[in-house]
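Shown below: entry04.tsv, with TSV, C-alpha atoms and all ligand atoms.
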chain	number	residue	atom	x	y	z
A	1	MET	CA	153.33	-73.53	122.35
A	2	ILE	CA	155.21	-72.05	119.37
A	3	GLU	CA	158.40	-73.64	118.19
A	4	LEU	CA	160.68	-73.13	115.21
A	5	LYS	CA	163.24	-75.83	114.50
A	6	ASP	CA	165.98	-74.83	112.07
A	7	VAL	CA	163.58	-72.95	109.81
A	8	TRP	CA	164.64	-71.63	106.40
A	9	LYS	CA	162.61	-69.59	103.96
A	10	VAL	CA	163.77	-68.95	100.42
A	11	TYR	CA	161.32	-66.99	98.25
A	12	SER	CA	160.78	-67.94	94.63
A	13	ASN	CA	163.00	-65.02	93.56
A	14	ASN	CA	165.79	-66.73	95.53
A	15	VAL	CA	165.82	-64.19	98.38
A	16	LYS	CA	166.83	-66.01	101.55
A	17	ALA	CA	164.56	-64.34	104.11
A	18	ILE	CA	164.91	-66.77	107.06
A	19	ASN	CA	168.21	-68.59	107.51
A	20	GLY	CA	168.13	-71.33	110.12
A	21	MET	CA	165.90	-70.02	112.89
A	22	THR	CA	165.32	-71.99	116.09
A	23	LEU	CA	163.26	-70.63	118.98
A	24	LYS	CA	160.44	-71.33	121.42
A	25	ILE	CA	157.66	-69.08	122.67
A	26	ASP	CA	155.60	-70.22	125.65
A	27	LYS	CA	151.90	-69.79	126.18
A	28	GLY	CA	151.08	-66.35	127.57
A	29	GLU	CA	154.36	-64.68	126.59
A	30	PHE	CA	154.47	-61.20	125.08
A	31	VAL	CA	157.32	-60.99	122.57
A	32	TYR	CA	158.62	-58.11	120.46
A	33	ILE	CA	160.28	-58.95	117.16
A	34	VAL	CA	162.75	-56.22	116.21
A	35	GLY	CA	165.42	-55.76	113.57
A	36	PRO	CA	166.37	-53.62	110.60
A	37	SER	CA	164.22	-53.24	107.51
A	38	GLY	CA	164.36	-56.39	105.37
A	39	ALA	CA	165.66	-58.52	108.28
A	40	GLY	CA	162.86	-61.06	107.91
A	41	LYS	CA	160.37	-59.98	110.60
A	42	SER	CA	157.29	-60.03	108.37
A	43	THR	CA	158.37	-63.30	106.83
A	44	PHE	CA	158.71	-64.81	110.31
A	45	ILE	CA	155.19	-63.56	111.15
A	46	ARG	CA	153.76	-64.93	107.89
A	47	LEU	CA	155.29	-68.34	108.62
A	48	LEU	CA	153.44	-68.42	111.96
A	49	TYR	CA	149.97	-68.12	110.47
A	50	ARG	CA	150.84	-70.22	107.46
A	51	GLU	CA	150.63	-67.37	104.97
A	52	GLU	CA	154.04	-68.67	103.87
A	53	LYS	CA	155.42	-72.20	104.15
A	54	ALA	CA	158.93	-72.86	105.40
A	55	THR	CA	161.32	-74.10	102.71
A	56	LYS	CA	163.03	-76.29	105.30
A	57	GLY	CA	162.59	-77.00	109.02
A	58	GLU	CA	159.53	-77.11	111.25
A	59	VAL	CA	157.15	-74.42	112.45
A	60	ILE	CA	155.05	-75.96	115.21
A	61	ILE	CA	152.04	-74.33	116.87
A	62	ASP	CA	150.34	-76.24	119.65
A	63	GLN	CA	151.83	-79.52	118.42
A	64	THR	CA	150.63	-78.89	114.86
A	65	LYS	CA	153.42	-78.97	112.27
A	66	LEU	CA	152.42	-76.20	109.90
A	67	ASN	CA	154.32	-77.62	106.94
A	68	SER	CA	152.38	-80.86	107.14
A	69	ILE	CA	148.83	-79.54	107.39
A	70	LYS	CA	146.60	-79.74	104.35
A	71	GLU	CA	145.28	-76.56	102.72
A	72	ARG	CA	141.75	-77.41	103.85
A	73	HIS	CA	142.92	-77.45	107.48
A	74	VAL	CA	144.50	-73.99	107.31
A	75	PRO	CA	141.24	-72.20	108.34
A	76	LYS	CA	141.10	-74.34	111.47
A	77	LEU	CA	144.66	-73.35	112.34
A	78	ARG	CA	143.81	-69.68	111.75
A	79	ARG	CA	141.08	-69.87	114.38
A	80	LYS	CA	143.85	-70.34	116.94
A	81	ILE	CA	145.68	-67.28	115.66
A	82	GLY	CA	144.48	-63.69	115.42
A	83	VAL	CA	146.44	-61.35	113.17
A	84	ILE	CA	146.59	-57.56	112.96
A	85	PHE	CA	148.51	-55.41	110.49
A	86	GLN	CA	149.85	-51.89	110.11
A	87	ASP	CA	147.08	-51.03	107.62
A	88	PHE	CA	144.12	-52.50	109.59
A	89	LYS	CA	142.56	-54.34	106.61
A	90	LEU	CA	138.93	-53.69	107.59
A	91	LEU	CA	136.08	-54.27	105.14
A	92	PRO	CA	135.07	-50.70	104.17
A	93	THR	CA	131.38	-51.35	103.46
A	94	LEU	CA	130.69	-53.11	106.76
A	95	THR	CA	130.05	-51.42	110.08
A	96	VAL	CA	132.32	-51.89	113.08
A	97	TYR	CA	129.90	-54.48	114.45
A	98	GLU	CA	129.70	-56.32	111.11
A	99	ASN	CA	133.49	-56.34	110.63
A	100	VAL	CA	133.89	-58.10	113.97
A	101	ALA	CA	130.87	-60.42	113.65
A	102	PHE	CA	132.00	-61.45	110.16
A	103	ALA	CA	135.18	-62.95	111.59
A	104	LEU	CA	133.32	-64.99	114.16
A	105	GLU	CA	132.72	-68.64	113.43
A	106	VAL	CA	128.99	-68.17	113.30
A	107	ILE	CA	127.77	-71.56	112.18
A	108	GLU	CA	124.85	-72.59	114.36
A	109	GLU	CA	125.52	-69.87	116.89
A	110	PRO	CA	122.33	-68.16	118.06
A	111	ARG	CA	122.24	-64.49	117.10
A	112	ALA	CA	122.02	-63.42	120.72
A	113	SER	CA	125.25	-65.15	121.63
A	114	ILE	CA	127.03	-63.71	118.57
A	115	LYS	CA	125.88	-60.26	119.64
A	116	ARG	CA	127.01	-60.87	123.21
A	117	ARG	CA	130.50	-61.89	122.08
A	118	VAL	CA	130.89	-59.03	119.58
A	119	MET	CA	129.84	-56.47	122.18
A	120	GLU	CA	132.17	-58.11	124.70
A	121	VAL	CA	135.21	-57.62	122.44
A	122	LEU	CA	134.10	-54.12	121.42
A	123	ASP	CA	134.06	-53.37	125.13
A	124	ILE	CA	137.64	-54.68	125.51
A	125	VAL	CA	138.79	-52.30	122.75
A	126	LYS	CA	136.58	-49.49	124.12
A	127	LEU	CA	134.45	-49.09	121.01
A	128	LYS	CA	131.03	-50.22	122.16
A	129	GLY	CA	129.63	-46.79	121.37
A	130	LYS	CA	130.75	-46.93	117.73
A	131	ALA	CA	129.34	-50.33	116.72
A	132	LYS	CA	127.26	-48.79	113.91
A	133	PHE	CA	130.02	-46.65	112.43
A	134	LEU	CA	131.77	-47.45	109.14
A	135	PRO	CA	135.58	-47.75	109.14
A	136	ASP	CA	136.13	-44.44	107.32
A	137	GLU	CA	134.14	-42.66	110.03
A	138	LEU	CA	136.81	-43.70	112.56
A	139	SER	CA	140.28	-42.44	113.43
A	140	GLY	CA	143.31	-44.63	112.66
A	141	GLY	CA	143.60	-45.72	116.27
A	142	GLU	CA	139.92	-46.64	116.38
A	143	GLN	CA	140.26	-48.62	113.14
A	144	GLN	CA	143.16	-50.55	114.62
A	145	ARG	CA	141.06	-51.28	117.70
A	146	VAL	CA	138.32	-52.72	115.46
A	147	ALA	CA	140.99	-54.89	113.81
A	148	ILE	CA	142.08	-56.07	117.26
A	149	ALA	CA	138.47	-56.87	118.20
A	150	ARG	CA	138.09	-58.83	114.98
A	151	ALA	CA	141.35	-60.70	115.65
A	152	ILE	CA	140.36	-61.79	119.17
A	153	VAL	CA	136.65	-62.48	118.68
A	154	ASN	CA	137.29	-66.21	118.17
A	155	ARG	CA	139.32	-66.34	121.40
A	156	PRO	CA	142.60	-67.25	119.67
A	157	GLU	CA	145.48	-68.50	121.80
A	158	VAL	CA	147.92	-66.33	119.88
A	159	LEU	CA	147.67	-62.76	118.63
A	160	ILE	CA	150.22	-61.80	116.00
A	161	ALA	CA	150.78	-58.16	115.21
A	162	ASP	CA	152.90	-56.93	112.31
A	163	GLU	CA	153.79	-53.28	113.01
A	164	PRO	CA	150.42	-52.56	114.66
A	165	THR	CA	151.38	-48.98	115.58
A	166	GLY	CA	153.22	-48.22	112.33
A	167	ASN	CA	150.52	-45.88	110.96
A	168	LEU	CA	149.62	-44.20	114.24
A	169	ASP	CA	150.80	-41.11	116.09
A	170	PRO	CA	152.62	-41.74	119.40
A	171	ASP	CA	149.63	-41.12	121.71
A	172	THR	CA	147.37	-43.35	119.68
A	173	ALA	CA	150.09	-46.01	119.56
A	174	TRP	CA	150.17	-46.08	123.35
A	175	GLY	CA	146.39	-46.56	123.40
A	176	ILE	CA	146.85	-49.63	121.23
A	177	MET	CA	149.56	-50.92	123.58
A	178	ASP	CA	147.20	-50.55	126.57
A	179	ILE	CA	144.75	-52.80	124.79
A	180	LEU	CA	147.38	-55.37	123.78
A	181	ASP	CA	148.62	-55.37	127.37
A	182	ASP	CA	145.09	-56.04	128.61
A	183	ILE	CA	144.67	-58.91	126.11
A	184	SER	CA	148.03	-60.30	127.21
A	185	HIS	CA	146.91	-60.26	130.85
A	186	ARG	CA	143.88	-62.31	129.84
A	187	GLY	CA	146.32	-65.08	128.86
A	188	THR	CA	146.74	-64.62	125.09
A	189	THR	CA	150.24	-65.09	123.68
A	190	ILE	CA	151.27	-61.95	121.78
A	191	ILE	CA	153.96	-61.67	119.13
A	192	MET	CA	154.52	-58.17	117.81
A	193	ALA	CA	156.94	-57.09	115.08
A	194	THR	CA	157.77	-53.43	115.61
A	195	HIS	CA	160.09	-50.53	114.82
A	196	ASN	CA	158.74	-48.54	117.79
A	197	LYS	CA	161.77	-47.99	119.98
A	198	SER	CA	160.02	-46.05	122.74
A	199	ILE	CA	157.34	-48.72	123.20
A	200	VAL	CA	159.89	-51.55	123.37
A	201	ASN	CA	162.13	-49.64	125.78
A	202	THR	CA	159.27	-48.57	128.04
A	203	LEU	CA	156.90	-51.52	128.13
A	204	LYS	CA	159.60	-54.10	128.77
A	205	ARG	CA	159.05	-57.57	127.38
A	206	ARG	CA	160.99	-60.36	125.77
A	207	VAL	CA	162.83	-59.02	122.72
A	208	ILE	CA	163.88	-61.22	119.81
A	209	ALA	CA	166.10	-59.37	117.33
A	210	ILE	CA	166.33	-60.69	113.79
A	211	GLU	CA	169.04	-59.77	111.29
A	212	ASN	CA	169.52	-61.42	107.91
A	213	GLY	CA	166.89	-63.99	108.80
A	214	ARG	CA	168.63	-65.12	111.98
A	215	VAL	CA	168.01	-64.54	115.68
A	216	VAL	CA	170.89	-62.34	116.84
A	217	ARG	CA	169.52	-61.47	120.30
A	218	ASP	CA	166.88	-62.93	122.59
A	219	GLU	CA	166.42	-61.17	125.95
A	220	VAL	CA	163.82	-61.58	128.68
A	221	ARG	CA	163.30	-57.85	129.29
A	222	GLY	CA	165.25	-56.47	126.40
A	223	ASN	CA	165.82	-53.15	124.73
A	224	TYR	CA	165.02	-52.13	121.20
A	225	GLY	CA	168.74	-51.83	120.53
A	226	TYR	CA	168.70	-49.92	117.22
A	227	GLU	CA	168.89	-46.19	116.57
A	228	ILE	CA	165.71	-45.98	114.50
B	301	LIG	N1	156.77	-62.21	98.92
B	301	LIG	C1	158.10	-62.04	98.79
B	301	LIG	N2	158.75	-62.50	97.69
B	301	LIG	C2	160.06	-62.33	97.57
B	301	LIG	N3	160.86	-61.75	98.47
B	301	LIG	C3	160.28	-61.27	99.57
B	301	LIG	C4	158.87	-61.40	99.80
B	301	LIG	N4	158.57	-60.84	101.00
B	301	LIG	C5	159.74	-60.41	101.50
B	301	LIG	N5	160.78	-60.66	100.65
B	301	LIG	C6	162.20	-60.36	100.88
B	301	LIG	O1	162.59	-61.06	102.04
B	301	LIG	C7	163.46	-60.26	102.86
B	301	LIG	C8	162.84	-60.12	104.24
B	301	LIG	O2	161.66	-59.31	104.13
B	301	LIG	P1	160.64	-59.06	105.32
B	301	LIG	O3	159.48	-58.32	104.75
B	301	LIG	O4	160.38	-60.33	106.01
B	301	LIG	O5	161.51	-58.09	106.25
B	301	LIG	P2	161.09	-57.16	107.47
B	301	LIG	O6	162.10	-57.39	108.55
B	301	LIG	O7	159.67	-57.40	107.82
B	301	LIG	O8	161.27	-55.71	106.88
B	301	LIG	P3	160.48	-54.33	107.26
B	301	LIG	O9	160.93	-53.94	108.64
B	301	LIG	O10	160.99	-53.37	106.22
B	301	LIG	O11	159.03	-54.59	107.15
B	301	LIG	C9	163.65	-58.96	102.11
B	301	LIG	O12	164.84	-59.05	101.37
B	301	LIG	C10	162.45	-58.89	101.19
B	301	LIG	O13	162.74	-58.16	100.03
Structure encoded using structure tokens:
Amino acid sequence: MIELKDVWKVYSNNVKAINGMTLKIDKGEFVYIVGPSGAGKSTFIRLLYREEKATKGEVIIDQTKLNSIKERHVPKLRRKIGVIFQDFKLLPTLTVYENVAFALEVIEEPRASIKRRVMEVLDIVKLKGKAKFLPDELSGGEQQRVAIARAIVNRPEVLIADEPTGNLDPDTAWGIMDILDDISHRGTTIIMATHNKSIVNTLKRRVIAIENGRVVRDEVRGNYGYEI
């Protein structure tokens, strides 16, 4: 469902972040992206949701060539892809419920069905009881769970996570992994860039290691493989 064919990314400052990357990720896979700082992990992630465009080569999601789609079709692509970040990126003046509902494609949806879906995803992330809270009334782990709810509310086929546990203490990080595992079991493809060695080495999944913008290792049930 996701394919990169000889992808290159050169930023405008001439930094070569991705240098000839070719790989495939099937529907339903859970993949960790690992590698040293500056290796190109975030750039790879940004190419997948068309935040960046490849300089050369093809990024294909569900038969759509991302380099060829018009700007006005980018929102439609993004509905297939949920994204979460290290710093949550919630809207501070909206409640938990509103943050999640806001992301839903609400056009012509009856209010009752919007409510049903928002409460359904808040249940998945175990935050039904905090629907009326504001983000700054929540712990970091809870805020990340709201971000996950927001990312999956449109039922995307792919969930992309860039360092989702980077700001969280170890226990809280494991709570987030439980939720991502649950979402994965529901059939969503998950791609997660991470520096969290203990998670990668414990919750074994496919590991793609990137160094200098190239895939240097791709293992079915791999290890983190770096010291930090
Ligand atoms: N918007 C940008 N403009 C120019 N150069 C960039 C941009 N974003 C990243 N880079 C450069 O591209 C290279 C790859 O960066 P990237 O953020 O993809 O690495 P990373 O593996 O995610 O690193 P980290 O683990 O530290 O987050 C680095 O040399 C970085 O400085």
Sorted per-residue table, chain A near ligand LIG 301 (chain B), closest atoms and distance, 7 Å, all atoms listed in the file, as a tab-separated table:
residue	atom	partner	partner_atom	distance
A:Tyr11	CA	B:LIG301	C2	4.9
A:Ser12	CA	B:LIG301	C2	6.4
A:Asn13	CA	B:LIG301	C2	5.7
A:Val15	CA	B:LIG301	N3	5.5
A:Lys16	CA	B:LIG301	O1	6.5
A:Ala17	CA	B:LIG301	O1	4.4
A:Gly35	CA	B:LIG301	O6	6.2
A:Pro36	CA	B:LIG301	O9	5.8
A:Ser37	CA	B:LIG301	O10	3.5
A:Gly38	CA	B:LIG301	O5	3.4
A:Ala39	CA	B:LIG301	O6	3.7
A:Gly40	CA	B:LIG301	O4	3.2
A:Lys41	CA	B:LIG301	O6	3.7
A:Ser42	CA	B:LIG301	O7	3.6
A:Thr43	CA	B:LIG301	O4	3.7
A:Phe44	CA	B:LIG301	O4	6.4
- [ ] For atom CA of Tyr32 of chain A and atom CA of Tyr224 of chain A, quote the distance in Å rounded to one decimal.
- [x]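 These atoms are spaced 8.8 Å apart.
Distances to Glu142 of chain A were evaluated for A:Lys204, A:Asn212, A:Thr165, A:Leu94 using all atoms listed in the file, and the minimum falls at A:Thr165.
Using all atoms listed in the file, the shortest contact distance between Asp123 of chain A and any of A:Ile25, A:Leu77, A:Ile179, A:Val10 is found at A:Ile179.
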Open item on the list: I want to know what sits within 6 Å of segment 50-65 of chain A, based on all atoms listed in the file, with residues of the same chain fewer than 2 positions away left out; could you give that as a PyMOL selection string?
Closed with: chain A and resi 1-9+46-48+67-68
Task: A:Glu157, A:Ile176, A:Thr202, A:Asp171 ranked by distance to Gly28 of chain A, top pick (using only C-alpha atoms) - done: A:Glu157
Place a sphere of radius 12 Å on (134.4, -43.2, 120.7) in the file coordinates and name every protein, DNA or RNA residue with an atom inside or on its surface, counting all atoms listed in the file; give the answer as a PDB file with C-alpha atoms, in the coordinates of the input.
ATOM      1  CA  VAL A  96     132.320 -51.890 113.080  1.00  0.00           C
ATOM      2  CA  LEU A 122     134.100 -54.120 121.420  1.00  0.00           C
ATOM      3  CA  ASP A 123     134.060 -53.370 125.130  1.00  0.00           C
ATOM      4  CA  VAL A 125     138.790 -52.300 122.750  1.00  0.00           C
ATOM      5  CA  LYS A 126     136.580 -49.490 124.120  1.00  0.00           C
ATOM      6  CA  LEU A 127     134.450 -49.090 121.010  1.00  0.00           C
ATOM      7  CA  LYS A 128     131.030 -50.220 122.160  1.00  0.00           C
ATOM      8  CA  GLY A 129     129.630 -46.790 121.370  1.00  0.00           C
ATOM      9  CA  LYS A 130     130.750 -46.930 117.730  1.00  0.00           C
ATOM     10  CA  ALA A 131     129.340 -50.330 116.720  1.00  0.00           C
ATOM     11  CA  LYS A 132     127.260 -48.790 113.910  1.00  0.00           C
ATOM     12  CA  PHE A 133     130.020 -46.650 112.430  1.00  0.00           C
ATOM     13  CA  GLU A 137     134.140 -42.660 110.030  1.00  0.00           C
ATOM     14  CA  LEU A 138     136.810 -43.700 112.560  1.00  0.00           C
ATOM     15  CA  SER A 139     140.280 -42.440 113.430  1.00  0.00           C
ATOM     16  CA  GLY A 141     143.600 -45.720 116.270  1.00  0.00           C
ATOM     17  CA  GLU A 142     139.920 -46.640 116.380  1.00  0.00           C
ATOM     18  CA  GLN A 143     140.260 -48.620 113.140  1.00  0.00           C
ATOM     19  CA  ARG A 145     141.060 -51.280 117.700  1.00  0.00           C
ATOM     20  CA  VAL A 146     138.320 -52.720 115.460  1.00  0.00           C
TER      21      VAL A 146
END
Task: Pick from A:Arg116, A:Arg78, A:Arg150, A:Arg72 nearest to Thr95 of chain A, counting all atoms listed in the file - done: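 Answer, going by the shortest atom-to-atom distance: A:Arg150.
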Open item on the list: Could you tell me how far atom CA of Gly222 of chain A sits from atom CA of Val207 of chain A, in Å to one decimal place?
Closed with: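 These atoms are spaced 5.1 Å apart.
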TODO: Find the residue from A:Gly187, A:Pro110, A:Pro92, A:Pro164 that sits nearest to Glu29 of chain A; use all atoms listed in the file when measuring.
DONE: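 Of the candidates, the smallest distance to Glu29 of chain A is held by A:Gly187.
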Task: Counting all atoms listed in the file, the option among A:Trp174, A:Phe30, A:Met21, A:Gln144 closest to Glu219 of chain A - done: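 That would be A:Phe30, the residue with the smallest distance to Glu219 of chain A.
You will find atom CA of Val83 of chain A at 24.7 Å from atom CA of Val216 of chain A.
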